[in-house]
$ cat query-v9.txt   # compact mmCIF, C-alpha atoms
# COMPACT_ATOMS: atom_id res chain seq x y z
CA MET A 8 -19.95 -6.70 -6.63
CA LEU A 9 -20.70 -10.16 -7.98
CA ALA A 10 -18.19 -9.69 -10.83
CA ARG A 11 -15.46 -8.64 -8.36
CA PHE A 12 -16.20 -11.64 -6.17
CA ASP A 13 -16.19 -13.94 -9.20
CA GLY A 14 -12.82 -12.54 -10.32
CA ARG A 15 -11.29 -13.08 -6.89
CA LEU A 16 -12.69 -16.60 -6.78
CA ALA A 17 -11.14 -17.31 -10.20
CA ALA A 18 -7.79 -15.95 -8.95
CA LEU A 19 -7.94 -18.31 -5.98
CA ALA A 20 -8.86 -21.22 -8.23
CA GLY A 21 -5.96 -20.44 -10.57
CA ALA A 22 -3.45 -20.39 -7.74
CA HIS A 23 -4.87 -23.64 -6.38
CA ASN A 24 -4.60 -25.27 -9.81
CA LEU A 25 -0.89 -24.44 -9.92
CA LEU A 26 -0.47 -25.88 -6.44
CA VAL A 27 -2.36 -29.07 -7.35
CA GLU A 28 -0.15 -29.50 -10.43
CA SER A 29 2.93 -29.29 -8.19
CA GLU A 30 1.39 -31.70 -5.65
CA TRP A 31 1.22 -28.79 -3.19
CA LYS A 32 4.99 -28.18 -3.23
CA GLY A 33 4.49 -24.59 -4.38
CA ALA A 34 3.63 -22.37 -7.33
CA ASP A 35 6.13 -20.76 -9.67
CA LEU A 36 5.78 -16.98 -9.39
CA ARG A 37 6.24 -16.53 -13.16
CA ASP A 38 3.38 -18.96 -13.87
CA LEU A 39 1.21 -17.26 -11.27
CA ALA A 40 1.89 -13.82 -12.78
CA ARG A 41 1.20 -15.08 -16.32
CA GLN A 42 -2.03 -16.66 -15.14
CA GLN A 43 -3.28 -13.46 -13.50
CA LEU A 44 -2.02 -11.00 -16.15
CA GLY A 45 -2.24 -12.98 -19.39
CA ALA A 46 -5.73 -11.80 -20.28
CA TYR A 47 -4.50 -8.20 -20.35
CA ALA A 48 -1.82 -8.90 -22.98
CA THR A 49 -3.84 -10.78 -25.59
CA ASP A 50 -4.02 -7.88 -28.09
CA ASN A 51 -0.52 -6.60 -27.44
CA PRO A 52 2.07 -8.76 -25.64
CA ASP A 53 4.16 -5.64 -24.91
CA ARG A 54 1.47 -4.31 -22.56
CA VAL A 55 2.53 -6.67 -19.77
CA ARG A 56 6.15 -7.46 -18.92
CA ILE A 57 6.90 -10.26 -16.45
CA GLU A 58 10.52 -10.66 -15.39
CA GLY A 59 12.29 -12.33 -12.51
CA GLU A 60 14.29 -15.29 -11.42
CA ALA A 61 12.71 -18.67 -10.73
CA VAL A 62 10.85 -18.52 -7.42
CA LEU A 63 8.70 -21.29 -6.01
CA LEU A 64 6.16 -19.77 -3.64
CA PRO A 65 5.00 -22.10 -0.87
CA PRO A 66 1.24 -22.74 -0.73
CA ASP A 67 0.67 -20.29 2.14
CA LEU A 68 2.12 -17.48 -0.02
CA ALA A 69 1.03 -18.58 -3.51
CA THR A 70 -2.70 -18.28 -2.91
CA PRO A 71 -2.70 -14.77 -1.39
CA PHE A 72 -0.05 -13.63 -3.89
CA GLY A 73 -2.38 -14.72 -6.70
CA LEU A 74 -5.17 -12.66 -5.14
CA VAL A 75 -2.94 -9.60 -4.86
CA LEU A 76 -1.79 -9.92 -8.49
CA HIS A 77 -5.43 -10.23 -9.56
CA GLU A 78 -6.36 -7.12 -7.57
CA LEU A 79 -3.45 -5.11 -8.99
CA ALA A 80 -4.37 -6.18 -12.53
CA THR A 81 -8.07 -5.41 -12.22
CA ASN A 82 -7.30 -2.02 -10.66
CA ALA A 83 -4.92 -1.27 -13.55
CA ALA A 84 -7.65 -2.26 -16.03
CA LYS A 85 -10.31 -0.13 -14.33
CA HIS A 86 -8.34 2.94 -13.25
CA GLY A 87 -4.69 2.59 -14.21
CA ALA A 88 -2.33 1.91 -17.08
CA LEU A 89 -4.32 -0.96 -18.58
CA SER A 90 -7.36 1.31 -18.96
CA ASN A 91 -5.46 3.15 -21.75
CA PRO A 92 -4.65 1.38 -25.04
CA GLY A 93 -0.97 2.43 -24.79
CA GLY A 94 -0.61 1.74 -21.07
CA ARG A 95 1.82 -0.87 -19.81
CA VAL A 96 2.47 -2.87 -16.67
CA ALA A 97 5.85 -4.29 -15.67
CA THR A 98 6.45 -6.82 -12.94
CA ASN A 99 9.85 -7.89 -11.78
CA TRP A 100 11.30 -9.61 -8.77
CA ALA A 101 14.47 -10.92 -7.22
CA ILE A 102 15.57 -12.79 -4.13
CA SER A 103 17.75 -11.06 -1.58
CA GLN A 104 19.29 -12.32 1.64
CA ARG A 105 20.00 -10.57 4.92
CA ASN A 106 20.50 -11.85 8.42
CA ASN A 107 20.20 -15.47 7.21
CA GLN A 108 16.71 -14.77 5.84
CA ARG A 109 15.67 -14.93 2.16
CA TYR A 110 13.31 -12.23 0.91
CA LEU A 111 11.29 -11.87 -2.24
CA GLN A 112 11.46 -8.32 -3.58
CA PHE A 113 8.52 -7.86 -6.00
CA ALA A 114 7.76 -4.68 -7.98
CA TRP A 115 4.67 -3.70 -9.97
CA THR A 116 5.03 -0.59 -12.15
CA GLU A 117 2.43 1.06 -14.38
CA GLU A 118 3.27 3.47 -17.23
CA ASP A 119 1.37 5.54 -19.78
CA GLY A 120 -1.95 5.34 -18.00
CA PRO A 121 -4.25 8.13 -16.89
CA ALA A 122 -3.16 10.66 -14.29
CA VAL A 123 -2.68 8.94 -10.95
CA ARG A 124 -3.91 10.16 -7.61
CA GLU A 125 -4.14 8.47 -4.26
CA PRO A 126 -7.69 7.45 -3.41
CA GLY A 127 -9.29 9.23 -0.49
CA ALA A 128 -10.57 6.06 1.14
CA HIS A 129 -9.23 2.53 1.33
CA GLY A 130 -11.64 -0.06 0.03
CA PHE A 131 -11.56 -3.82 0.24
CA GLY A 132 -9.14 -4.09 -2.70
CA SER A 133 -6.58 -1.77 -1.11
CA THR A 134 -6.85 -3.63 2.16
CA LEU A 135 -6.40 -6.94 0.35
CA ILE A 136 -3.24 -5.68 -1.39
CA ASP A 137 -1.84 -4.35 1.89
CA THR A 138 -2.62 -7.30 4.14
CA ALA A 139 -3.27 -10.54 2.23
CA ILE A 140 0.29 -11.85 2.00
CA PRO A 141 1.48 -13.11 5.41
CA GLY A 142 4.54 -11.24 6.70
CA ALA A 143 4.75 -8.93 3.68
CA GLU A 144 5.69 -5.27 3.71
CA VAL A 145 3.70 -3.51 0.99
CA LYS A 146 4.32 0.00 -0.30
CA ARG A 147 1.97 1.62 -2.78
CA GLN A 148 3.05 4.80 -4.57
CA PHE A 149 0.85 7.12 -6.60
CA GLN A 150 3.42 8.85 -8.80
CA PRO A 151 2.92 11.22 -11.76
CA GLU A 152 4.40 8.53 -14.06
CA GLY A 153 1.97 5.91 -12.79
CA PHE A 154 1.06 3.65 -9.93
CA ALA A 155 3.77 1.48 -8.37
CA CYS A 156 3.63 -1.20 -5.72
CA THR A 157 6.48 -3.01 -4.02
CA ILE A 158 6.13 -6.11 -1.91
CA GLU A 159 8.83 -7.58 0.28
CA VAL A 160 8.08 -10.91 1.87
CA PRO A 161 10.27 -13.36 3.79
CA LEU A 162 10.62 -16.76 2.15
CA PRO A 163 11.24 -20.09 3.83
CA GLN A 164 14.81 -21.36 3.62
CA ALA A 165 15.48 -23.40 0.50
CA THR A 166 15.61 -27.12 1.11
$ encode --input "query-v9.txt" --output "structure tokens"
Amino acid sequence: MLARFDGRLAALAGAHNLLVESEWKGADLRDLARQQLGAYATDNPDRVRIEGEAVLLPPDLATPFGLVLHELATNAAKHGALSNPGGRVATNWAISQRNNQRYLQFAWTEEDGPAVREPGAHGFGSTLIDTAIPGAEVKRQFQPEGFACTIEVPLPQAT
């Protein structure tokens, strides 16, 4: 339990460091993803793919998004694709617009991991993934090919 708490605390600290560097204007999603996933690609850079257009997350989204990325990564390392030497994780995102509202569409996809099955009970990590990002719609899928998670969150209008 202490290790999980320490990891979440480090994820928060990492997101806050990015925000401090930007003078609290926001955190670049690519930098946030690299920060949370970089440790899992040290032996093989092909294990983690991070792709998406430039997105500056405001402080109220950057911190919880960092926590969610950390939780997804640690789950992949314990139970998912990153627990197998050949397993891979891909993240990608894009901005869409509808009804005068910008949305971030984020996808997390795991491949070549162990067989996936939906857990019987939702623990703290699952609850964090589902509820930490304000206003987000989260969908988690336990597919034969691997775990997938999509997150759609409204973004403030660009200034």
$ residues_around --input "query-v9.txt" --residues "Gly45 (chain A)" --least-positions-apart "4" --cutoff "12 Å" --atoms "only C-alpha atoms" --output "PDB file with C-alpha atoms, in the coordinates of the input"
ATOM      1  CA  ARG A  37       6.240 -16.530 -13.160  1.00  0.00           C
ATOM      2  CA  ASP A  38       3.380 -18.960 -13.870  1.00  0.00           C
ATOM      3  CA  LEU A  39       1.210 -17.260 -11.270  1.00  0.00           C
ATOM      4  CA  ALA A  40       1.890 -13.820 -12.780  1.00  0.00           C
ATOM      5  CA  ARG A  41       1.200 -15.080 -16.320  1.00  0.00           C
ATOM      6  CA  THR A  49      -3.840 -10.780 -25.590  1.00  0.00           C
ATOM      7  CA  ASP A  50      -4.020  -7.880 -28.090  1.00  0.00           C
ATOM      8  CA  ASN A  51      -0.520  -6.600 -27.440  1.00  0.00           C
ATOM      9  CA  PRO A  52       2.070  -8.760 -25.640  1.00  0.00           C
ATOM     10  CA  ASP A  53       4.160  -5.640 -24.910  1.00  0.00           C
ATOM     11  CA  ARG A  54       1.470  -4.310 -22.560  1.00  0.00           C
ATOM     12  CA  VAL A  55       2.530  -6.670 -19.770  1.00  0.00           C
ATOM     13  CA  ARG A  56       6.150  -7.460 -18.920  1.00  0.00           C
ATOM     14  CA  ILE A  57       6.900 -10.260 -16.450  1.00  0.00           C
ATOM     15  CA  LEU A  76      -1.790  -9.920  -8.490  1.00  0.00           C
ATOM     16  CA  HIS A  77      -5.430 -10.230  -9.560  1.00  0.00           C
ATOM     17  CA  ALA A  80      -4.370  -6.180 -12.530  1.00  0.00           C
ATOM     18  CA  THR A  81      -8.070  -5.410 -12.220  1.00  0.00           C
ATOM     19  CA  VAL A  96       2.470  -2.870 -16.670  1.00  0.00           C
TER      20      VAL A  96
END
$ residues_around --input "query-v9.txt" --residues "Asp137 (chain A)" --least-positions-apart "2" --cutoff "12 Å" --atoms "all atoms listed in the file" --output "MDAnalysis selection string"
chainID A and resid 71:72 74:76 78:79 129:135 139:147 156:160
$ axis_aligned_box --input "query-v9.txt" --around "region 45-51 of chain A" --padding-each-side "6 Å" --output "lines of an AutoDock Vina configuration file"
center_x = -3.1
center_y = -9.8
center_z = -23.7
size_x = 17.2
size_y = 18.4
size_z = 20.7
$ atom_distance --input "query-v9.txt" --atom1 "CA of Leu63 (chain A)" --atom2 "CA of Leu36 (chain A)"
6.2 Å
$ residues_around --input "query-v9.txt" --residues "Asn107 (chain A)" --least-positions-apart "2" --cutoff "12 Å" --atoms "all atoms listed in the file" --output "PyMOL selection string"
chain A and resi 103-105+109-110+161-165
$ residues_around --input "query-v9.txt" --residues "Arg95 (chain A)" --least-positions-apart "5" --cutoff "7 Å" --atoms "all atoms listed in the file" --output "JSON, numbers by chain"
{"A": [54, 55, 88, 89, 117, 118, 119]}
$ atom_distance --input "query-v9.txt" --atom1 "CA of Leu111 (chain A)" --atom2 "CA of Tyr47 (chain A)"
24.3 Å
$ residues_near_point --input "query-v9.txt" --point "(-1.7, 4.2, -6.5)" --cutoff "8 Å" --atoms "only C-alpha atoms" --output "mmCIF file with C-alpha atoms, in the frame of the given file"
data_model
loop_
_atom_site.group_PDB
_atom_site.id
_atom_site.type_symbol
_atom_site.label_atom_id
_atom_site.label_comp_id
_atom_site.auth_asym_id
_atom_site.auth_seq_id
_atom_site.Cartn_x
_atom_site.Cartn_y
_atom_site.Cartn_z
ATOM 1 C CA VAL A 123 -2.680 8.940 -10.950
ATOM 2 C CA ARG A 124 -3.910 10.160 -7.610
ATOM 3 C CA GLU A 125 -4.140 8.470 -4.260
ATOM 4 C CA PRO A 126 -7.690 7.450 -3.410
ATOM 5 C CA ARG A 147 1.970 1.620 -2.780
ATOM 6 C CA GLN A 148 3.050 4.800 -4.570
ATOM 7 C CA PHE A 149 0.850 7.120 -6.600
ATOM 8 C CA GLN A 150 3.420 8.850 -8.800
ATOM 9 C CA GLY A 153 1.970 5.910 -12.790
ATOM 10 C CA PHE A 154 1.060 3.650 -9.930
ATOM 11 C CA ALA A 155 3.770 1.480 -8.370
ATOM 12 C CA CYS A 156 3.630 -1.200 -5.720
#
$ atom_distance --input "query-v9.txt" --atom1 "CA of Ala34 (chain A)" --atom2 "CA of Gly59 (chain A)"
14.2 Å
$ closest_residue --input "query-v9.txt" --among "A:Gln108, A:Asn91, A:Thr98, A:Thr116" --to "Gln43 (chain A)" --atoms "only C-alpha atoms"
A:Thr98
$ closest_residue --input "query-v9.txt" --among "A:Gly87, A:Pro92, A:Gly33, A:Gly73" --to "Ile136 (chain A)" --atoms "all atoms listed in the file"
A:Gly73
